[in-house]
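A.B. asks: Below you'll find target-v3.cif; it's mmCIF, C-alpha atoms.
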data_data
#
loop_
_atom_site.label_atom_id
_atom_site.label_comp_id
_atom_site.auth_asym_id
_atom_site.auth_seq_id
_atom_site.Cartn_x
_atom_site.Cartn_y
_atom_site.Cartn_z
CA MET A 1 92.50 100.34 24.65
CA ALA A 2 91.19 103.54 26.30
CA ALA A 3 90.94 103.39 30.09
CA GLY A 4 91.42 99.62 30.00
CA PHE A 5 87.82 98.86 28.95
CA ASP A 6 87.16 95.70 26.97
CA PRO A 7 84.96 95.74 23.82
CA SER A 8 81.94 94.48 25.77
CA GLY A 9 81.85 97.73 27.72
CA ARG A 10 82.27 95.96 31.07
CA LEU A 11 84.11 97.82 33.80
CA PRO A 12 87.52 96.42 34.71
CA ASP A 13 87.70 94.39 37.91
CA ALA A 14 89.45 97.26 39.68
CA PHE A 15 86.23 99.27 39.50
CA THR A 16 84.09 96.61 41.13
CA ASN A 17 86.63 95.05 43.51
CA SER A 18 88.78 97.96 44.58
CA GLY A 19 89.22 96.62 48.13
CA THR A 20 89.41 100.13 49.58
CA SER A 21 87.00 102.80 50.76
CA SER A 22 89.48 105.52 49.77
CA PHE A 23 88.78 107.10 46.39
CA THR A 24 92.29 108.58 46.33
CA GLN A 25 93.85 105.15 46.83
CA PHE A 26 91.57 103.68 44.16
CA LEU A 27 92.60 106.44 41.75
CA SER A 28 96.27 105.79 42.48
CA GLN A 29 95.73 102.20 41.34
CA VAL A 30 93.71 102.75 38.15
CA ALA A 31 94.75 106.22 36.95
CA PRO A 32 97.57 107.68 39.08
CA GLU A 33 98.28 110.37 36.50
CA LEU A 34 94.98 112.04 37.45
CA LEU A 35 96.11 112.77 41.01
CA PRO A 36 97.36 116.36 41.46
CA GLY A 37 100.70 115.29 42.93
CA ARG A 38 101.43 112.60 40.32
CA ARG A 39 101.55 114.77 37.21
CA PRO A 40 104.98 115.21 35.61
CA LEU A 41 106.36 118.73 35.92
CA PRO A 42 109.17 120.41 34.03
CA PRO A 43 112.44 120.78 35.97
CA GLY A 44 112.88 123.88 38.10
CA ILE A 45 110.49 125.97 40.18
CA SER A 46 106.99 126.32 38.73
CA GLY A 47 105.24 128.33 41.44
CA ASP A 48 105.86 131.75 39.90
CA VAL A 49 103.68 130.98 36.88
CA ALA A 50 100.57 129.98 38.85
CA PRO A 51 98.05 132.17 40.73
CA HIS A 52 98.20 131.86 44.51
CA ALA A 53 95.31 131.97 46.95
CA THR A 54 96.05 133.92 50.08
CA THR A 55 94.40 134.20 53.52
CA ILE A 56 91.96 131.90 55.36
CA VAL A 57 90.84 132.18 59.01
CA ALA A 58 88.88 129.76 61.21
CA ILE A 59 87.39 130.43 64.64
CA THR A 60 85.60 128.12 67.07
CA ALA A 61 82.32 129.31 68.52
CA VAL A 62 79.62 128.00 70.83
CA GLY A 63 78.00 125.23 68.84
CA GLY A 64 80.33 125.16 65.87
CA VAL A 65 83.07 126.80 63.87
CA VAL A 66 83.35 129.71 61.41
CA MET A 67 85.72 129.81 58.42
CA ALA A 68 86.29 132.79 56.14
CA GLY A 69 88.55 133.55 53.21
CA ASP A 70 89.40 136.65 51.23
CA ARG A 71 88.71 136.65 47.49
CA ARG A 72 92.07 137.67 45.99
CA ALA A 73 94.49 135.47 44.06
CA THR A 74 97.89 136.86 43.08
CA MET A 75 100.57 136.01 40.55
CA GLY A 76 103.77 137.75 41.57
CA ASN A 77 102.94 141.44 41.95
CA LEU A 78 99.76 141.11 39.86
CA ILE A 79 96.19 140.43 40.95
CA ALA A 80 95.22 137.27 39.08
CA SER A 81 91.64 137.17 40.37
CA ARG A 82 89.49 139.40 42.57
CA ASP A 83 86.70 136.93 43.30
CA ILE A 84 88.19 133.46 43.78
CA GLU A 85 86.38 131.30 46.34
CA LYS A 86 88.75 129.51 48.73
CA VAL A 87 86.36 128.21 51.42
CA HIS A 88 84.08 125.25 50.63
CA PRO A 89 82.13 122.55 52.44
CA ALA A 90 84.13 119.32 52.64
CA ASP A 91 80.96 117.42 53.55
CA GLU A 92 77.81 118.02 55.57
CA TYR A 93 79.63 118.94 58.81
CA SER A 94 83.09 120.15 57.81
CA LEU A 95 84.80 122.95 55.90
CA VAL A 96 88.06 123.28 54.01
CA GLY A 97 89.90 126.43 52.95
CA ILE A 98 92.91 126.50 50.66
CA ALA A 99 95.98 128.70 50.47
CA GLY A 100 98.89 128.31 48.09
CA THR A 101 98.75 127.39 44.40
CA ALA A 102 95.15 128.14 43.51
CA GLY A 103 94.55 125.64 40.72
CA VAL A 104 96.11 122.70 42.57
CA GLY A 105 94.34 123.73 45.77
CA ILE A 106 90.90 123.81 44.16
CA GLU A 107 91.54 120.42 42.55
CA LEU A 108 92.74 118.97 45.85
CA MET A 109 89.69 120.36 47.63
CA ARG A 110 87.32 118.79 45.09
CA LEU A 111 89.15 115.48 45.34
CA PHE A 112 88.78 115.64 49.13
CA GLN A 113 85.03 116.17 48.76
CA VAL A 114 84.82 113.07 46.54
CA GLU A 115 87.03 111.15 48.99
CA LEU A 116 84.61 111.76 51.87
CA GLU A 117 81.52 111.06 49.78
CA HIS A 118 83.05 107.86 48.40
CA TYR A 119 83.93 106.59 51.88
CA GLU A 120 80.40 107.22 53.11
CA LYS A 121 78.87 105.35 50.15
CA ILE A 122 81.21 102.36 50.48
CA GLU A 123 81.16 102.06 54.28
CA GLY A 124 77.63 103.29 54.92
CA ALA A 125 78.88 105.65 57.63
CA MET A 126 80.54 109.03 57.85
CA LEU A 127 84.21 109.33 58.79
CA SER A 128 84.93 110.84 62.19
CA LEU A 129 86.30 114.37 62.18
CA ASP A 130 89.75 113.01 63.07
CA GLY A 131 89.45 110.52 60.22
CA LYS A 132 88.62 113.30 57.78
CA ALA A 133 91.60 115.33 58.99
CA ASN A 134 93.90 112.34 58.50
CA ARG A 135 92.57 111.63 55.00
CA LEU A 136 93.31 115.24 54.03
CA ALA A 137 96.80 114.91 55.51
CA ALA A 138 97.51 111.90 53.27
CA MET A 139 96.36 113.83 50.20
CA ILE A 140 98.63 116.77 51.02
CA ARG A 141 101.53 114.36 51.50
CA GLY A 142 100.84 113.01 48.02
CA ASN A 143 101.41 116.50 46.61
CA LEU A 144 104.86 116.87 48.21
CA GLY A 145 106.77 116.47 44.94
CA ALA A 146 104.84 119.32 43.33
CA ALA A 147 105.18 121.39 46.51
CA LEU A 148 108.97 121.12 46.35
CA GLN A 149 108.75 122.61 42.84
CA GLY A 150 106.79 125.60 44.09
CA LEU A 151 103.22 124.31 43.67
CA ALA A 152 102.47 123.98 47.36
CA VAL A 153 98.97 123.80 48.82
CA VAL A 154 98.33 124.20 52.55
CA PRO A 155 94.68 123.85 53.57
CA LEU A 156 92.84 124.70 56.77
CA PHE A 157 90.25 122.15 57.88
CA ALA A 158 87.51 122.68 60.44
CA GLY A 159 84.24 121.08 61.37
CA PHE A 160 81.58 120.13 63.86
CA ASP A 161 82.52 116.97 65.76
CA LEU A 162 79.40 114.83 66.00
CA SER A 163 81.05 112.66 68.68
CA ALA A 164 81.90 115.56 71.00
CA GLY A 165 80.71 115.16 74.57
CA ASP A 166 79.70 118.82 74.78
CA PRO A 167 78.02 120.06 71.57
CA ALA A 168 78.80 123.64 72.60
CA ARG A 169 82.53 122.80 72.25
CA ALA A 170 82.22 120.63 69.16
CA GLY A 171 83.93 123.05 66.77
CA ARG A 172 87.49 121.92 65.94
CA ILE A 173 90.24 123.27 63.67
CA PHE A 174 93.15 121.47 61.99
CA SER A 175 96.12 123.03 60.24
CA TYR A 176 98.80 121.31 58.14
CA ASP A 177 102.35 121.72 56.98
CA VAL A 178 103.48 121.13 53.41
CA THR A 179 104.43 117.49 54.18
CA GLY A 180 100.90 116.69 55.34
CA GLY A 181 101.45 116.86 59.08
CA PRO A 182 98.06 117.53 60.77
CA TYR A 183 97.91 119.72 63.88
CA GLU A 184 94.78 120.42 65.88
CA GLU A 185 94.67 124.05 66.96
CA ARG A 186 93.76 124.31 70.65
CA ALA A 187 93.74 128.11 70.88
CA GLY A 188 90.31 128.30 69.27
CA TYR A 189 91.43 130.03 66.08
CA ASP A 190 93.97 129.85 63.28
CA ALA A 191 94.88 131.46 59.97
CA ILE A 192 96.88 130.36 56.94
CA GLY A 193 98.24 132.09 53.86
CA SER A 194 100.33 135.15 53.16
CA GLY A 195 98.31 137.37 55.51
CA SER A 196 98.13 134.81 58.31
CA ILE A 197 100.67 136.56 60.53
CA PHE A 198 98.49 139.68 60.61
CA ALA A 199 95.20 137.78 60.86
CA ASN A 200 96.54 135.67 63.73
CA ALA A 201 97.73 138.79 65.52
CA ALA A 202 94.23 140.27 65.25
CA LEU A 203 92.63 137.03 66.42
CA LYS A 204 95.02 136.71 69.36
CA LYS A 205 94.03 140.18 70.52
CA ARG A 206 90.27 139.83 70.12
CA PHE A 207 89.40 136.15 70.48
CA ARG A 208 87.78 134.92 73.65
CA ALA A 209 86.23 131.58 74.52
CA GLY A 210 82.46 131.36 74.27
CA LEU A 211 81.91 133.50 71.18
CA SER A 212 78.57 133.12 69.46
CA VAL A 213 78.59 132.17 65.78
CA GLU A 214 77.55 135.74 64.93
CA ASP A 215 80.40 137.26 66.97
CA ALA A 216 82.90 134.80 65.48
CA THR A 217 81.72 135.80 62.00
CA ARG A 218 82.36 139.48 62.76
CA LEU A 219 85.77 138.61 64.20
CA ALA A 220 86.70 136.57 61.12
CA VAL A 221 85.88 139.46 58.79
CA GLU A 222 87.83 141.86 61.01
CA ALA A 223 90.86 139.54 60.95
CA LEU A 224 90.75 139.42 57.14
CA TYR A 225 90.48 143.22 57.07
CA ASP A 226 93.60 143.49 59.24
CA ALA A 227 95.42 141.00 57.01
CA ALA A 228 94.51 143.02 53.91
CA ASP A 229 95.65 146.20 55.62
CA ASP A 230 99.24 144.91 55.87
CA ASP A 231 99.52 142.19 53.23
CA THR A 232 99.24 143.19 49.57
CA ALA A 233 98.29 139.65 48.52
CA THR A 234 95.17 139.64 50.71
CA GLY A 235 92.06 141.38 49.42
CA GLY A 236 89.85 143.35 51.77
CA PRO A 237 86.12 144.00 51.24
CA ASP A 238 85.74 145.54 47.78
CA MET A 239 82.96 148.05 48.35
CA ALA A 240 82.96 149.34 44.75
CA ARG A 241 82.64 145.90 43.12
CA ARG A 242 80.57 144.45 46.00
CA ILE A 243 83.03 141.59 46.49
CA PHE A 244 83.14 140.35 50.08
CA PRO A 245 84.85 137.45 51.90
CA VAL A 246 83.37 133.96 51.69
CA VAL A 247 82.12 133.07 55.19
CA MET A 248 80.86 129.61 56.13
CA THR A 249 79.78 127.94 59.34
CA ALA A 250 79.66 124.30 60.47
CA THR A 251 77.22 123.51 63.28
CA ALA A 252 74.95 120.67 64.39
CA GLU A 253 72.58 121.76 61.60
CA GLY A 254 75.31 121.25 58.98
CA THR A 255 77.39 123.63 56.91
CA HIS A 256 76.05 126.99 55.81
CA ARG A 257 77.40 129.73 53.62
CA LEU A 258 76.42 133.28 54.46
CA THR A 259 74.70 135.03 51.58
CA ASP A 260 76.39 137.96 49.89
CA GLU A 261 73.87 140.26 51.57
CA GLU A 262 74.65 138.86 55.03
CA THR A 263 78.41 139.13 54.47
CA ALA A 264 78.01 142.66 53.07
CA THR A 265 76.21 143.71 56.26
CA VAL A 266 79.08 142.43 58.42
CA ALA A 267 81.74 143.93 56.13
CA ASN A 268 79.99 147.30 56.06
CA ALA A 269 79.91 147.33 59.86
CA VAL A 270 83.64 146.51 60.03
CA VAL A 271 84.57 149.18 57.47
CA SER A 272 82.38 151.79 59.20
CA GLY A 273 84.06 151.03 62.51
CA ARG A 274 87.52 151.39 60.96
CA LEU A 275 86.61 154.82 59.58
CA GLU A 276 86.35 155.97 63.18
CA ASN A 277 89.25 153.86 64.48
CA PRO A 278 91.59 152.66 61.69
CA GLY A 279 93.64 150.55 64.09
CA GLY A 280 90.63 148.53 65.20
#
Starting from the coordinates I provided, produce the structure as structure tokens.
C.D. replies:
Amino acid sequence: MAAGFDPSGRLPDAFTNSGTSSFTQFLSQVAPELLPGRRPLPPGISGDVAPHATTIVAITAVGGVVMAGDRRATMGNLIASRDIEKVHPADEYSLVGIAGTAGVGIELMRLFQVELEHYEKIEGAMLSLDGKANRLAAMIRGNLGAALQGLAVVPLFAGFDLSAGDPARAGRIFSYDVTGGPYEERAGYDAIGSGSIFANAALKKRFRAGLSVEDATRLAVEALYDAADDDTATGGPDMARRIFPVVMTATAEGTHRLTDEETATVANAVVSGRLENPGG
């Protein structure tokens, strides 16, 4: 009988008495094959056949945090997509960016969004920022089997901490390893993906505490430009096609995505500055 429904059309007891506020845990009980990390894979390494998302950066600012991602996805030495979107709101006050296997990463990100929404509906309250980071860690850990076969996903999580004593310092960033280990970044910035070594080098040189959200946005776009300058898998601003990085902020007012026009203005300023000084 499909999905375990009886002829009367009633939902199975598991749907009405799940006993958990975690949608991922509920799914593992009623339909584990739908979880990204539970699907059977052929033997061997599968990563070479799937597009990969590349570089994400996050920067803390006064009153929040900024996250930006380039738009390129690669498959070996080929460009699989020029306009993939890797940065999304996780909920009203947090952001998630994905690097690694693009399809699995997007699915994991969407599942994380449902996870947070489900918890809020069941419990009647929003998870703390630390709680959200830990929920994401558990989901990454569940994908470990696929990661060992080359379908790894490593996200970057950031948000505005509503419980912070000083709202000006409420922006926080969490990075992860492939086993799901969560690490809060205390430097005030971080980058993941193939161009992260170059983006982090740019951020280390230019970051300073107390940046405004506008200055952090400019710095994020500059870091992605530097990553694209040295990493072939990272896409810089595409002036001909008008494709620019996805830039989002999380502040006390919630999450916000910059419009294409706003991002184009920042990208044009960065590119114009590099015409005069290519090294930044």
A.B. asks: Compile the contact shell of segment 171-187 of chain A as a ChimeraX atom specification: residues with an atom at most 8 Å away, counting all atoms listed in the file, same-chain residues fewer than 5 positions apart removed.
C.D. replies: /A:58-65,133-134,136-141,144,147,152-161,250-251
A.B. asks: As a check of understanding, name the residues that the PyMOL selection byres ((chain A and resi 271-273) around 12) selects in the supplied structure, as an mmCIF file with C-alpha atoms, keeping the file's coordinate frame.
C.D. replies:
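Writing done, so here's result.cif:
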data_model
loop_
_atom_site.group_PDB
_atom_site.id
_atom_site.type_symbol
_atom_site.label_atom_id
_atom_site.label_comp_id
_atom_site.auth_asym_id
_atom_site.auth_seq_id
_atom_site.Cartn_x
_atom_site.Cartn_y
_atom_site.Cartn_z
ATOM 1 C CA ARG A 218 82.360 139.480 62.760
ATOM 2 C CA VAL A 221 85.880 139.460 58.790
ATOM 3 C CA GLU A 222 87.830 141.860 61.010
ATOM 4 C CA LEU A 224 90.750 139.420 57.140
ATOM 5 C CA TYR A 225 90.480 143.220 57.070
ATOM 6 C CA ASP A 226 93.600 143.490 59.240
ATOM 7 C CA ASP A 229 95.650 146.200 55.620
ATOM 8 C CA GLY A 236 89.850 143.350 51.770
ATOM 9 C CA PRO A 237 86.120 144.000 51.240
ATOM 10 C CA ASP A 238 85.740 145.540 47.780
ATOM 11 C CA MET A 239 82.960 148.050 48.350
ATOM 12 C CA PHE A 244 83.140 140.350 50.080
ATOM 13 C CA ALA A 264 78.010 142.660 53.070
ATOM 14 C CA THR A 265 76.210 143.710 56.260
ATOM 15 C CA VAL A 266 79.080 142.430 58.420
ATOM 16 C CA ALA A 267 81.740 143.930 56.130
ATOM 17 C CA ASN A 268 79.990 147.300 56.060
ATOM 18 C CA ALA A 269 79.910 147.330 59.860
ATOM 19 C CA VAL A 270 83.640 146.510 60.030
ATOM 20 C CA ARG A 274 87.520 151.390 60.960
ATOM 21 C CA LEU A 275 86.610 154.820 59.580
ATOM 22 C CA GLU A 276 86.350 155.970 63.180
ATOM 23 C CA ASN A 277 89.250 153.860 64.480
ATOM 24 C CA PRO A 278 91.590 152.660 61.690
ATOM 25 C CA GLY A 279 93.640 150.550 64.090
ATOM 26 C CA GLY A 280 90.630 148.530 65.200
#
A.B. asks: When you count all atoms listed in the file, which of these residues is closest to Pro245 of chain A: A:Ser128, A:Thr259, A:Thr101, A:Thr232?
C.D. replies: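 Counting all atoms listed in the file, the residue closest to Pro245 of chain A is A:Thr259.
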A.B. asks: Applying the PyMOL selection byres ((chain A and resi 127) around 12) to the file I just gave you, which residues come out? Please list them as a VMD selection string.
C.D. replies: chain A and resid 21 to 22 90 to 94 115 to 126 128 to 136 161 to 163
A.B. asks: Output the residue selection produced by the PyMOL selection byres ((chain A and resi 213) around 7) on the file above, formatted as a list of chain:residue names.
C.D. replies: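 Applied to this file, the PyMOL selection byres ((chain A and resi 213) around 7) selects A:Ala61, A:Val62, A:Val66, A:Leu211, A:Ser212, A:Glu214, A:Asp215, A:Ala216, A:Thr217.
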A.B. asks: Counting only C-alpha atoms, which of A:Ala164, A:Ala202, A:Met109, A:Ile243 gets nearest to Leu95 of chain A?
C.D. replies: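 Once distances to Leu95 of chain A are computed over only C-alpha atoms, the minimum belongs to A:Met109.
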A.B. asks: Can you measure atom CA of Gly142 of chain A to atom CA of Leu108 of chain A for me? One decimal in Å is fine.
C.D. replies: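 Atom CA of Leu108 of chain A lies at a distance of 10.3 Å from atom CA of Gly142 of chain A.
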A.B. asks: Here is a test: counting only C-alpha atoms, which residue of A:Arg208, A:His88, A:His52, A:Arg82 is nearest to His256 of chain A?
C.D. replies: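 When distances to His256 of chain A are compared using only C-alpha atoms, the smallest one comes from A:His88.
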A.B. asks: In Å, how far is it from atom CA of Gln149 of chain A to atom CA of Met67 of chain A?
C.D. replies: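 Answer for the atom CA of Gln149 of chain A to atom CA of Met67 of chain A separation: 28.7 Å.
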A.B. asks: Can you work out the spacing between atom CA of Arg242 of chain A and atom CA of Asn77 of chain A in Å, to one decimal?
C.D. replies: 22.9 Å
A.B. asks: Out of A:Leu203, A:Ala227, A:Ala209, A:Leu151, which residue has the shortest atom-to-atom distance to Thr55 of chain A when counting all atoms listed in the file?
C.D. replies: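 Ranking A:Leu203, A:Ala227, A:Ala209, A:Leu151 by distance to Thr55 of chain A, first place goes to A:Ala227.
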A.B. asks: Using all atoms listed in the file, which residue out of A:Val96, A:Leu219, A:Met248, A:Ile192 lies closest to Lys205 of chain A?
C.D. replies: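 Of the candidates, the smallest distance to Lys205 of chain A is held by A:Leu219.
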